[in-house]
Amino acid sequence: MQAQIQAVEEQVVEKYQMLENLETWLLNNGINETFAQLLKVAISLAAIAILALLADYIVRRIILVLVARIAKKTETEWDDILVERKFFHKLAHFAPAVVIYSTIHIALYDYSPKLTLFFYDLTKIYMTFVSLLVVNAFLNAVHDVYQTLPLAKSRPIKGYLQVVKIISYFLGGIIIIAILINKNPASLLVGLGASAAVLMLVFKDTILGLVASIQLSANNLVKPGDWIEMPSRKIDGTVTEISLNTVKVQNYDRTINTIPTYALVSESFQNWQGMVESDGRLIKRSILFDMRSVKFCSEEQIEKLRKIDLLAEFIDNKSKEIEKSNNENNINTQILVNGQRLTNFGIFRKYIELFLRNNPNINQNTTIVVRHRQPSENGIPLEIYCFSKEKAMANYEEVQANIFEHILSVIPEFELKVFQRPSGDDFKA
């Protein structure tokens, strides 16, 4: 402390004469010594405040505006990105701090050396914090610039930048602690290095939680209010709280689970929030059909199916297309396997597609597919793939149930059979 006071005193000697002249003038005008000293300090502090505000105004209202205009006029993108990431705005916070740091000792030293050192330390901590903000903004800008390069698609650098951020936060914290306890940051680092093993053992969960929290926040992996599913820990519900060491999730059965924060980084989980914020919720379900019920349609069956409103136009167009193709190729249609023919399964598949495209509960701007899957000993699966407009569980299940109830009800009209394993009643028959 004494060495600091002496160093400050040496800086003050050359700059203090003007204030001494001010105090002498006040004394000569009949003001007592105590009040004259207080008035001198007050005037000095007011002048410093005005200079700090003036520096802040010049940097923000003039220099930053000029920088933004220059960035817009240049052809390069990196300067625009620096402006968007507010790199220069954060850098501008140094202006008033530098003014205060350079002048506060002149105003306060004669009044209270310890108060001067307090403001010195306070300003250093502020500038250290601003430095961290500047580094963070710069690294974010570096990532954005890198993302514009073709190389970014195959070689991301976000993880490396996060490591640099963590190191900078750590060093910034060391510097702030060193300022508070009036120690050299290098000596603190040496001490931490010697006790690193003990610290890592004692604060293992806290360190893991801190790193995980930074990763979750930086990558926007999960936040309070998100619906997540983690089968390995029997979690399926809404995140209600994220702390340094634990994440609290309320399941849909109203039970509450807590898991370590680092588990969301080290283990796999599914975040449904993207679906909640999207245009629809996926419906993806298959029905198994007996392959022996798939056949060519007879003329009578085609006429019957033509009466279905959704299929009338499709059957007319498809029948004309098939007839034209068979005539052009002189196909002998007396043999069923010759040429092209409509099948009951193909018409049914088209019916389901048209049914979905006319369903007001299905998002028509998303993918709608009715497709075959690989046949097996359990029959041939027909998969329905679409997106429901309703995303809340109860409404979503209602939409899905109505669709499949309708599909199961109309299957006999196409002379198809659903596959299911025989039960006791089947053997009795």
# chains A, B, ... in the order shown; residues from 1 in each chain; ligands from 1
call {"tool": "residues_around", "arguments": {"residues": "Ile287 (chain A)", "least_positions_apart": "2", "cutoff": "9 Å", "atoms": "only C-alpha atoms", "output": "compact mmCIF listing (two decimals) with N, CA and C atoms, in the first residue's frame"}}
result
# COMPACT_ATOMS: atom_id res chain seq x y z
N ARG A 285 -46.39 -42.61 -38.88
CA ARG A 285 -46.89 -43.88 -38.37
C ARG A 285 -47.25 -44.79 -39.54
N PHE A 289 -50.21 -54.08 -43.97
CA PHE A 289 -51.24 -54.68 -44.82
C PHE A 289 -50.84 -56.10 -45.21
N ILE A 380 -46.80 -55.66 -45.53
CA ILE A 380 -46.18 -54.50 -46.16
C ILE A 380 -46.62 -53.23 -45.44
N PRO A 381 -45.69 -52.46 -44.86
CA PRO A 381 -46.08 -51.25 -44.15
C PRO A 381 -46.38 -50.10 -45.11
N LEU A 382 -47.44 -49.37 -44.82
CA LEU A 382 -47.75 -48.13 -45.53
C LEU A 382 -47.59 -47.00 -44.53
N GLU A 383 -46.58 -46.13 -44.76
CA GLU A 383 -46.24 -45.09 -43.78
C GLU A 383 -46.87 -43.76 -44.18
N ILE A 384 -47.46 -43.10 -43.20
CA ILE A 384 -48.02 -41.76 -43.38
C ILE A 384 -47.05 -40.77 -42.74
N PHE A 404 -56.11 -41.81 -38.41
CA PHE A 404 -55.92 -43.25 -38.51
C PHE A 404 -57.22 -44.03 -38.29
N LEU A 408 -58.38 -46.65 -41.16
CA LEU A 408 -58.73 -48.04 -40.84
C LEU A 408 -60.18 -48.36 -41.24
N VAL A 418 -55.89 -55.52 -43.36
CA VAL A 418 -54.83 -55.15 -42.44
C VAL A 418 -54.22 -56.41 -41.84
N PHE A 419 -52.90 -56.42 -41.69
CA PHE A 419 -52.25 -57.58 -41.09
C PHE A 419 -52.22 -57.42 -39.57
call {"tool": "select_by_dssp", "arguments": {"residues": "region 213-281 of chain A", "states": "helix (DSSP H, G or I)", "output": "number ranges by chain"}}
result
A: 213-219, 231-233, 263-266, 273-276
call {"tool": "write_last_selection", "arguments": {"atoms": "C-alpha atoms", "output": "CSV table (one decimal), in the first residue's frame"}}
result
chain,number,residue,atom,x,y,z
A,213,SER,CA,-23.5,-23.8,-18.4
A,214,ILE,CA,-21.2,-21.8,-20.7
A,215,GLN,CA,-21.6,-24.4,-23.4
A,216,LEU,CA,-25.4,-24.6,-23.0
A,217,SER,CA,-25.7,-20.8,-23.1
A,218,ALA,CA,-23.2,-20.3,-26.0
A,219,ASN,CA,-24.7,-23.0,-28.2
A,231,PRO,CA,-34.7,-41.5,-21.9
A,232,SER,CA,-31.5,-42.5,-20.1
A,233,ARG,CA,-32.7,-40.5,-17.0
A,263,ALA,CA,-25.2,-34.3,-18.0
A,264,LEU,CA,-26.8,-32.2,-20.8
A,265,VAL,CA,-23.4,-31.8,-22.4
A,266,SER,CA,-22.0,-35.3,-21.8
A,273,GLN,CA,-38.5,-26.7,-28.6
A,274,GLY,CA,-37.7,-26.5,-32.3
A,275,MET,CA,-40.9,-28.4,-33.1
A,276,VAL,CA,-42.9,-26.2,-30.7
call {"tool": "closest_residue", "arguments": {"among": "A:Ser293, A:Thr123, A:Thr116, A:Asn365", "to": "Asp279 (chain A)", "atoms": "only C-alpha atoms"}}
result
A:Asn365
call {"tool": "residues_around", "arguments": {"residues": "Ile63 (chain A)", "least_positions_apart": "6", "cutoff": "12 Å", "atoms": "only C-alpha atoms", "output": "CSV table (one decimal) with N, CA and C atoms, in the first residue's frame"}}
result
chain,number,residue,atom,x,y,z
A,55,ALA,N,-16.0,12.9,-23.1
A,55,ALA,CA,-15.3,11.9,-23.8
A,55,ALA,C,-16.2,10.8,-24.3
A,56,ASP,N,-17.2,10.5,-23.4
A,56,ASP,CA,-18.2,9.5,-23.8
A,56,ASP,C,-19.0,9.9,-25.0
A,57,TYR,N,-19.4,11.2,-24.9
A,57,TYR,CA,-20.3,11.8,-26.0
A,57,TYR,C,-19.5,11.9,-27.3
A,69,ARG,N,-20.5,4.6,-40.6
A,69,ARG,CA,-20.7,5.0,-42.0
A,69,ARG,C,-19.5,4.5,-42.9
A,70,ILE,N,-18.3,4.5,-42.4
A,70,ILE,CA,-17.2,4.0,-43.1
A,70,ILE,C,-17.4,2.5,-43.4
A,88,PHE,N,-17.2,-2.0,-31.5
A,88,PHE,CA,-16.7,-0.6,-31.3
A,88,PHE,C,-17.5,0.1,-30.1
A,89,HIS,N,-18.8,-0.3,-30.0
A,89,HIS,CA,-19.6,0.2,-28.9
A,89,HIS,C,-19.0,-0.2,-27.5
A,91,LEU,N,-15.9,-1.1,-27.0
A,91,LEU,CA,-14.6,-0.4,-26.9
A,91,LEU,C,-14.7,1.0,-26.4
A,92,ALA,N,-15.9,1.6,-26.8
A,92,ALA,CA,-16.1,3.0,-26.4
A,92,ALA,C,-16.2,3.2,-24.9
A,95,ALA,N,-13.4,5.1,-22.9
A,95,ALA,CA,-13.1,6.5,-23.0
A,95,ALA,C,-13.3,7.2,-21.7
call {"tool": "atom_distance", "arguments": {"atom1": "CA of Pro360 (chain A)", "atom2": "CA of Lys304 (chain A)"}}
result
26.4 Å
call {"tool": "residues_around", "arguments": {"residues": "Gly225 (chain A)", "least_positions_apart": "2", "cutoff": "12 Å", "atoms": "only C-alpha atoms", "output": "number ranges by chain"}}
result
A: 222-223, 227-228, 237-242, 247-250, 271-273, 276-277
call {"tool": "residues_around", "arguments": {"residues": "Gly339 (chain A)", "least_positions_apart": "2", "cutoff": "10 Å", "atoms": "only C-alpha atoms", "output": "short mmCIF file (atom, residue, chain, number, x, y, z; two decimals) with N, CA and C atoms, in the first residue's frame"}}
result
data_model
loop_
_atom_site.label_atom_id
_atom_site.label_comp_id
_atom_site.auth_asym_id
_atom_site.auth_seq_id
_atom_site.Cartn_x
_atom_site.Cartn_y
_atom_site.Cartn_z
N ILE A 322 -53.41 -44.67 -68.78
CA ILE A 322 -53.11 -46.09 -68.95
C ILE A 322 -53.64 -46.60 -70.29
N GLU A 323 -54.88 -46.20 -70.63
CA GLU A 323 -55.48 -46.63 -71.89
C GLU A 323 -54.66 -46.13 -73.08
N SER A 325 -51.43 -45.35 -73.12
CA SER A 325 -50.15 -46.07 -73.15
C SER A 325 -50.32 -47.47 -73.70
N ASN A 326 -51.36 -48.17 -73.28
CA ASN A 326 -51.58 -49.55 -73.75
C ASN A 326 -51.90 -49.58 -75.24
N ASN A 327 -52.70 -48.59 -75.71
CA ASN A 327 -53.05 -48.56 -77.14
C ASN A 327 -51.82 -48.24 -78.00
N ASN A 329 -48.82 -48.94 -77.42
CA ASN A 329 -47.86 -50.06 -77.42
C ASN A 329 -48.50 -51.40 -77.81
N ASN A 330 -49.77 -51.33 -78.31
CA ASN A 330 -50.47 -52.54 -78.75
C ASN A 330 -50.44 -53.64 -77.70
N ILE A 331 -50.82 -53.26 -76.48
CA ILE A 331 -50.79 -54.21 -75.37
C ILE A 331 -52.06 -55.07 -75.39
N ASN A 332 -51.88 -56.38 -75.21
CA ASN A 332 -53.01 -57.30 -75.09
C ASN A 332 -53.52 -57.24 -73.66
N THR A 333 -54.59 -56.49 -73.46
CA THR A 333 -55.10 -56.29 -72.10
C THR A 333 -55.92 -57.46 -71.59
N ILE A 335 -54.65 -60.24 -70.95
CA ILE A 335 -53.76 -60.82 -69.94
C ILE A 335 -53.47 -59.74 -68.90
N LEU A 336 -53.76 -60.01 -67.65
CA LEU A 336 -53.67 -58.98 -66.61
C LEU A 336 -52.27 -58.41 -66.43
N VAL A 337 -51.26 -59.23 -66.60
CA VAL A 337 -49.90 -58.76 -66.33
C VAL A 337 -49.36 -57.88 -67.45
N ARG A 341 -51.90 -51.18 -65.25
CA ARG A 341 -53.24 -51.34 -64.66
C ARG A 341 -53.26 -50.66 -63.29
#
call {"tool": "residues_around", "arguments": {"residues": "region 139-142 of chain A", "least_positions_apart": "4", "cutoff": "7 Å", "atoms": "only C-alpha atoms", "output": "number ranges by chain"}}
result
A: 81-82, 85, 135, 146, 161
call {"tool": "write_last_selection", "arguments": {"atoms": "C-alpha atoms", "output": "CSV table (one decimal), in the first residue's frame"}}
result
chain,number,residue,atom,x,y,z
A,81,ILE,CA,-19.8,-7.6,-38.7
A,82,LEU,CA,-17.7,-5.8,-36.1
A,85,ARG,CA,-21.5,-7.3,-33.0
A,135,VAL,CA,-12.8,-9.8,-26.4
A,146,TYR,CA,-15.3,-17.3,-40.6
A,161,LEU,CA,-13.3,-19.8,-29.8
call {"tool": "closest_residue", "arguments": {"among": "A:Gln334, A:Gln270, A:Thr206, A:Thr258", "to": "Asn245 (chain A)", "atoms": "only C-alpha atoms"}}
result
A:Thr206
call {"tool": "atom_distance", "arguments": {"atom1": "CA of Ile177 (chain A)", "atom2": "CA of Lys90 (chain A)"}}
result
22.3 Å
call {"tool": "closest_residue", "arguments": {"among": "A:Asp205, A:Glu377, A:Asp121, A:Glu390", "to": "Met291 (chain A)", "atoms": "only C-alpha atoms"}}
result
A:Glu377
call {"tool": "select_by_dssp", "arguments": {"residues": "region 150-398 of chain A", "states": "strand (DSSP E or B)", "output": "PyMOL selection string"}}
result
chain A and resi 227-230+235-242+246-251+256-260+270-271+281-289+296+343+362+369-372+376+379-388
call {"tool": "write_last_selection", "arguments": {"atoms": "N, CA and C atoms", "output": "short mmCIF file (atom, residue, chain, number, x, y, z; two decimals), in the first residue's frame"}}
result
data_model
loop_
_atom_site.label_atom_id
_atom_site.label_comp_id
_atom_site.auth_asym_id
_atom_site.auth_seq_id
_atom_site.Cartn_x
_atom_site.Cartn_y
_atom_site.Cartn_z
N TRP A 227 -39.00 -27.98 -23.88
CA TRP A 227 -39.46 -29.36 -23.65
C TRP A 227 -38.33 -30.29 -24.10
N ILE A 228 -37.78 -31.05 -23.13
CA ILE A 228 -36.71 -31.97 -23.46
C ILE A 228 -37.08 -33.40 -23.09
N GLU A 229 -36.44 -34.34 -23.78
CA GLU A 229 -36.65 -35.75 -23.50
C GLU A 229 -35.28 -36.42 -23.37
N MET A 230 -35.10 -37.15 -22.26
CA MET A 230 -33.83 -37.81 -21.97
C MET A 230 -34.14 -39.20 -21.43
N ILE A 235 -36.54 -38.76 -18.28
CA ILE A 235 -36.99 -37.36 -18.27
C ILE A 235 -37.77 -37.07 -19.54
N ASP A 236 -38.94 -36.50 -19.39
CA ASP A 236 -39.76 -36.06 -20.52
C ASP A 236 -40.67 -34.95 -20.03
N GLY A 237 -40.20 -33.71 -20.16
CA GLY A 237 -40.99 -32.61 -19.64
C GLY A 237 -40.34 -31.26 -19.93
N THR A 238 -40.73 -30.27 -19.15
CA THR A 238 -40.32 -28.88 -19.38
C THR A 238 -39.24 -28.47 -18.39
N VAL A 239 -38.19 -27.83 -18.91
CA VAL A 239 -37.12 -27.31 -18.06
C VAL A 239 -37.65 -26.10 -17.30
N THR A 240 -37.57 -26.16 -15.97
CA THR A 240 -38.08 -25.06 -15.15
C THR A 240 -36.96 -24.19 -14.58
N GLU A 241 -35.76 -24.77 -14.43
CA GLU A 241 -34.68 -24.00 -13.83
C GLU A 241 -33.33 -24.57 -14.24
N ILE A 242 -32.38 -23.70 -14.55
CA ILE A 242 -31.01 -24.11 -14.86
C ILE A 242 -30.08 -23.33 -13.93
N THR A 246 -27.22 -27.90 -11.22
CA THR A 246 -28.37 -28.77 -11.52
C THR A 246 -29.33 -28.12 -12.50
N VAL A 247 -30.07 -28.98 -13.18
CA VAL A 247 -31.16 -28.57 -14.07
C VAL A 247 -32.43 -29.24 -13.56
N LYS A 248 -33.48 -28.45 -13.36
CA LYS A 248 -34.73 -28.99 -12.84
C LYS A 248 -35.74 -29.12 -13.98
N VAL A 249 -36.33 -30.32 -14.10
CA VAL A 249 -37.29 -30.60 -15.17
C VAL A 249 -38.58 -31.12 -14.55
N GLN A 250 -39.71 -30.53 -14.96
CA GLN A 250 -41.02 -31.02 -14.53
C GLN A 250 -41.58 -31.91 -15.62
N ASN A 251 -41.71 -33.21 -15.32
CA ASN A 251 -42.23 -34.17 -16.29
C ASN A 251 -43.72 -33.98 -16.47
N ILE A 256 -40.95 -34.13 -10.62
CA ILE A 256 -39.84 -33.23 -10.89
C ILE A 256 -38.53 -34.00 -10.77
N ASN A 257 -37.70 -33.91 -11.80
CA ASN A 257 -36.37 -34.53 -11.82
C ASN A 257 -35.30 -33.45 -11.79
N THR A 258 -34.22 -33.73 -11.11
CA THR A 258 -33.05 -32.85 -11.17
C THR A 258 -31.87 -33.67 -11.68
N ILE A 259 -31.13 -33.09 -12.59
CA ILE A 259 -29.95 -33.75 -13.16
C ILE A 259 -28.78 -32.79 -13.14
N PRO A 260 -27.56 -33.30 -13.10
CA PRO A 260 -26.40 -32.40 -13.16
C PRO A 260 -26.38 -31.62 -14.46
N GLN A 270 -33.00 -34.98 -26.25
CA GLN A 270 -33.76 -34.44 -27.38
C GLN A 270 -34.51 -33.20 -26.94
N ASN A 271 -34.29 -32.10 -27.64
CA ASN A 271 -34.96 -30.84 -27.35
C ASN A 271 -36.09 -30.65 -28.36
N ARG A 281 -46.18 -30.34 -36.08
CA ARG A 281 -45.61 -31.47 -35.36
C ARG A 281 -45.74 -32.73 -36.21
N LEU A 282 -44.66 -33.46 -36.30
CA LEU A 282 -44.58 -34.60 -37.20
C LEU A 282 -45.55 -35.73 -36.81
N ILE A 283 -46.25 -36.24 -37.83
CA ILE A 283 -47.01 -37.48 -37.72
C ILE A 283 -46.32 -38.50 -38.61
N LYS A 284 -45.81 -39.55 -38.02
CA LYS A 284 -45.09 -40.57 -38.77
C LYS A 284 -45.46 -41.93 -38.20
N ARG A 285 -46.39 -42.61 -38.88
CA ARG A 285 -46.89 -43.88 -38.37
C ARG A 285 -47.25 -44.79 -39.54
N SER A 286 -47.08 -46.08 -39.34
CA SER A 286 -47.33 -47.06 -40.41
C SER A 286 -48.49 -47.98 -40.06
N ILE A 287 -49.16 -48.48 -41.12
CA ILE A 287 -50.18 -49.52 -40.98
C ILE A 287 -49.69 -50.72 -41.80
N LEU A 288 -49.77 -51.92 -41.23
CA LEU A 288 -49.32 -53.13 -41.90
C LEU A 288 -50.46 -53.76 -42.68
N PHE A 289 -50.21 -54.08 -43.97
CA PHE A 289 -51.24 -54.68 -44.82
C PHE A 289 -50.84 -56.10 -45.21
N PHE A 296 -54.88 -56.30 -58.86
CA PHE A 296 -55.35 -55.39 -59.90
C PHE A 296 -56.82 -55.12 -59.69
N THR A 343 -54.10 -50.63 -59.37
CA THR A 343 -54.19 -51.60 -58.28
C THR A 343 -54.96 -50.99 -57.12
N ILE A 362 -53.89 -30.48 -41.17
CA ILE A 362 -52.56 -30.80 -41.65
C ILE A 362 -51.95 -29.57 -42.31
N VAL A 369 -46.21 -37.19 -47.37
CA VAL A 369 -45.80 -38.38 -48.12
C VAL A 369 -46.55 -39.59 -47.58
N VAL A 370 -47.06 -40.40 -48.52
CA VAL A 370 -47.61 -41.72 -48.17
C VAL A 370 -46.78 -42.73 -48.94
N ARG A 371 -46.02 -43.56 -48.24
CA ARG A 371 -45.03 -44.39 -48.92
C ARG A 371 -45.01 -45.82 -48.39
N HIS A 372 -44.51 -46.73 -49.28
CA HIS A 372 -44.29 -48.12 -48.87
C HIS A 372 -42.99 -48.22 -48.10
N SER A 376 -42.10 -57.32 -44.93
CA SER A 376 -41.51 -58.30 -44.02
C SER A 376 -42.52 -59.42 -43.79
N GLY A 379 -46.10 -58.37 -43.18
CA GLY A 379 -46.87 -57.68 -44.21
C GLY A 379 -46.09 -56.53 -44.82
N ILE A 380 -46.80 -55.66 -45.53
CA ILE A 380 -46.18 -54.50 -46.16
C ILE A 380 -46.62 -53.23 -45.44
N PRO A 381 -45.69 -52.46 -44.86
CA PRO A 381 -46.08 -51.25 -44.15
C PRO A 381 -46.38 -50.10 -45.11
N LEU A 382 -47.44 -49.37 -44.82
CA LEU A 382 -47.75 -48.13 -45.53
C LEU A 382 -47.59 -47.00 -44.53
N GLU A 383 -46.58 -46.13 -44.76
CA GLU A 383 -46.24 -45.09 -43.78
C GLU A 383 -46.87 -43.76 -44.18
N ILE A 384 -47.46 -43.10 -43.20
CA ILE A 384 -48.02 -41.76 -43.38
C ILE A 384 -47.05 -40.77 -42.74
N TYR A 385 -46.59 -39.80 -43.53
CA TYR A 385 -45.61 -38.81 -43.07
C TYR A 385 -46.16 -37.42 -43.39
N CYS A 386 -46.52 -36.67 -42.34
CA CYS A 386 -47.06 -35.32 -42.53
C CYS A 386 -46.89 -34.54 -41.22
N PHE A 387 -47.36 -33.30 -41.21
CA PHE A 387 -47.19 -32.45 -40.03
C PHE A 387 -48.54 -31.88 -39.61
N SER A 388 -48.86 -32.08 -38.33
CA SER A 388 -50.09 -31.54 -37.78
C SER A 388 -49.92 -30.08 -37.40
#
call {"tool": "closest_residue", "arguments": {"among": "A:Asn344, A:Ser319, A:Asn378, A:Ser278", "to": "Gln301 (chain A)", "atoms": "only C-alpha atoms"}}
result
A:Asn344
call {"tool": "residues_around", "arguments": {"residues": "region 346-348 of chain A", "least_positions_apart": "6", "cutoff": "9 Å", "atoms": "only C-alpha atoms", "output": "list in words"}}
result
Val294, Leu305, Leu311, Phe314, Ile315, Ile411, Phe414 and Leu416 of chain A
call {"tool": "write_last_selection", "arguments": {"atoms": "N, CA and C atoms", "output": "PDB file, in the first residue's frame"}}
result
ATOM      1  N   VAL A 294     -53.397 -57.397 -51.966  1.00  0.00           N
ATOM      2  CA  VAL A 294     -53.043 -56.435 -53.023  1.00  0.00           C
ATOM      3  C   VAL A 294     -53.312 -57.075 -54.384  1.00  0.00           C
ATOM      4  N   LEU A 305     -64.971 -47.173 -57.037  1.00  0.00           N
ATOM      5  CA  LEU A 305     -64.056 -46.218 -56.405  1.00  0.00           C
ATOM      6  C   LEU A 305     -64.135 -44.838 -57.048  1.00  0.00           C
ATOM      7  N   LEU A 311     -61.332 -39.247 -55.249  1.00  0.00           N
ATOM      8  CA  LEU A 311     -60.634 -40.084 -56.223  1.00  0.00           C
ATOM      9  C   LEU A 311     -61.136 -39.926 -57.657  1.00  0.00           C
ATOM     10  N   PHE A 314     -58.657 -38.245 -60.090  1.00  0.00           N
ATOM     11  CA  PHE A 314     -57.441 -39.051 -60.209  1.00  0.00           C
ATOM     12  C   PHE A 314     -57.690 -40.299 -61.052  1.00  0.00           C
ATOM     13  N   ILE A 315     -58.777 -40.999 -60.785  1.00  0.00           N
ATOM     14  CA  ILE A 315     -59.058 -42.237 -61.523  1.00  0.00           C
ATOM     15  C   ILE A 315     -59.323 -41.948 -62.992  1.00  0.00           C
ATOM     16  N   ILE A 411     -60.472 -48.927 -45.288  1.00  0.00           N
ATOM     17  CA  ILE A 411     -59.663 -49.988 -45.918  1.00  0.00           C
ATOM     18  C   ILE A 411     -60.520 -51.049 -46.599  1.00  0.00           C
ATOM     19  N   PHE A 414     -61.556 -50.750 -50.311  1.00  0.00           N
ATOM     20  CA  PHE A 414     -60.559 -51.002 -51.352  1.00  0.00           C
ATOM     21  C   PHE A 414     -60.186 -52.492 -51.434  1.00  0.00           C
ATOM     22  N   LEU A 416     -58.842 -54.357 -49.281  1.00  0.00           N
ATOM     23  CA  LEU A 416     -57.548 -54.623 -48.670  1.00  0.00           C
ATOM     24  C   LEU A 416     -57.760 -55.180 -47.266  1.00  0.00           C
TER      25      LEU A 416
END
call {"tool": "decode", "arguments": {"residues": "region 270-327 of chain A", "atoms": "C-alpha atoms", "output": "PDB file, in the first residue's frame"}}
result
ATOM      1  CA  GLN A 270     -33.756 -34.442 -27.385  1.00  0.00           C
ATOM      2  CA  ASN A 271     -34.963 -30.844 -27.352  1.00  0.00           C
ATOM      3  CA  TRP A 272     -38.503 -30.535 -28.740  1.00  0.00           C
ATOM      4  CA  GLN A 273     -38.504 -26.734 -28.625  1.00  0.00           C
ATOM      5  CA  GLY A 274     -37.683 -26.537 -32.333  1.00  0.00           C
ATOM      6  CA  MET A 275     -40.887 -28.430 -33.051  1.00  0.00           C
ATOM      7  CA  VAL A 276     -42.888 -26.225 -30.660  1.00  0.00           C
ATOM      8  CA  GLU A 277     -41.665 -23.102 -32.462  1.00  0.00           C
ATOM      9  CA  SER A 278     -42.056 -24.593 -35.955  1.00  0.00           C
ATOM     10  CA  ASP A 279     -45.071 -24.751 -38.271  1.00  0.00           C
ATOM     11  CA  GLY A 280     -46.176 -28.247 -37.280  1.00  0.00           C
ATOM     12  CA  ARG A 281     -45.608 -31.473 -35.361  1.00  0.00           C
ATOM     13  CA  LEU A 282     -44.585 -34.604 -37.205  1.00  0.00           C
ATOM     14  CA  ILE A 283     -47.012 -37.485 -37.716  1.00  0.00           C
ATOM     15  CA  LYS A 284     -45.088 -40.575 -38.773  1.00  0.00           C
ATOM     16  CA  ARG A 285     -46.889 -43.878 -38.371  1.00  0.00           C
ATOM     17  CA  SER A 286     -47.334 -47.057 -40.409  1.00  0.00           C
ATOM     18  CA  ILE A 287     -50.177 -49.522 -40.985  1.00  0.00           C
ATOM     19  CA  LEU A 288     -49.315 -53.134 -41.904  1.00  0.00           C
ATOM     20  CA  PHE A 289     -51.237 -54.678 -44.821  1.00  0.00           C
ATOM     21  CA  ASP A 290     -51.636 -58.310 -45.814  1.00  0.00           C
ATOM     22  CA  MET A 291     -49.742 -58.546 -49.110  1.00  0.00           C
ATOM     23  CA  ARG A 292     -52.160 -61.227 -50.357  1.00  0.00           C
ATOM     24  CA  SER A 293     -54.936 -58.609 -50.503  1.00  0.00           C
ATOM     25  CA  VAL A 294     -53.043 -56.435 -53.023  1.00  0.00           C
ATOM     26  CA  LYS A 295     -54.417 -56.967 -56.565  1.00  0.00           C
ATOM     27  CA  PHE A 296     -55.351 -55.394 -59.902  1.00  0.00           C
ATOM     28  CA  CYS A 297     -58.645 -53.531 -59.884  1.00  0.00           C
ATOM     29  CA  SER A 298     -61.526 -54.896 -61.928  1.00  0.00           C
ATOM     30  CA  GLU A 299     -63.717 -52.567 -64.003  1.00  0.00           C
ATOM     31  CA  GLU A 300     -66.492 -52.931 -61.440  1.00  0.00           C
ATOM     32  CA  GLN A 301     -64.171 -51.961 -58.595  1.00  0.00           C
ATOM     33  CA  ILE A 302     -62.816 -48.972 -60.543  1.00  0.00           C
ATOM     34  CA  GLU A 303     -66.363 -47.728 -61.176  1.00  0.00           C
ATOM     35  CA  LYS A 304     -67.148 -48.147 -57.499  1.00  0.00           C
ATOM     36  CA  LEU A 305     -64.056 -46.218 -56.405  1.00  0.00           C
ATOM     37  CA  ARG A 306     -64.714 -43.513 -59.016  1.00  0.00           C
ATOM     38  CA  LYS A 307     -67.761 -42.492 -56.975  1.00  0.00           C
ATOM     39  CA  ILE A 308     -65.484 -41.387 -54.134  1.00  0.00           C
ATOM     40  CA  ASP A 309     -65.200 -37.598 -54.485  1.00  0.00           C
ATOM     41  CA  LEU A 310     -61.508 -37.376 -53.671  1.00  0.00           C
ATOM     42  CA  LEU A 311     -60.634 -40.084 -56.223  1.00  0.00           C
ATOM     43  CA  ALA A 312     -62.900 -39.242 -59.165  1.00  0.00           C
ATOM     44  CA  GLU A 313     -60.506 -36.892 -60.965  1.00  0.00           C
ATOM     45  CA  PHE A 314     -57.441 -39.051 -60.209  1.00  0.00           C
ATOM     46  CA  ILE A 315     -59.058 -42.237 -61.523  1.00  0.00           C
ATOM     47  CA  ASP A 316     -60.331 -40.511 -64.689  1.00  0.00           C
ATOM     48  CA  ASN A 317     -56.909 -39.045 -65.504  1.00  0.00           C
ATOM     49  CA  LYS A 318     -55.030 -42.220 -64.604  1.00  0.00           C
ATOM     50  CA  SER A 319     -57.419 -44.447 -66.614  1.00  0.00           C
ATOM     51  CA  LYS A 320     -56.974 -42.246 -69.716  1.00  0.00           C
ATOM     52  CA  GLU A 321     -53.202 -42.288 -69.276  1.00  0.00           C
ATOM     53  CA  ILE A 322     -53.107 -46.093 -68.949  1.00  0.00           C
ATOM     54  CA  GLU A 323     -55.478 -46.634 -71.895  1.00  0.00           C
ATOM     55  CA  LYS A 324     -53.405 -44.323 -74.102  1.00  0.00           C
ATOM     56  CA  SER A 325     -50.153 -46.065 -73.146  1.00  0.00           C
ATOM     57  CA  ASN A 326     -51.582 -49.547 -73.747  1.00  0.00           C
ATOM     58  CA  ASN A 327     -53.046 -48.559 -77.137  1.00  0.00           C
TER      59      ASN A 327
END
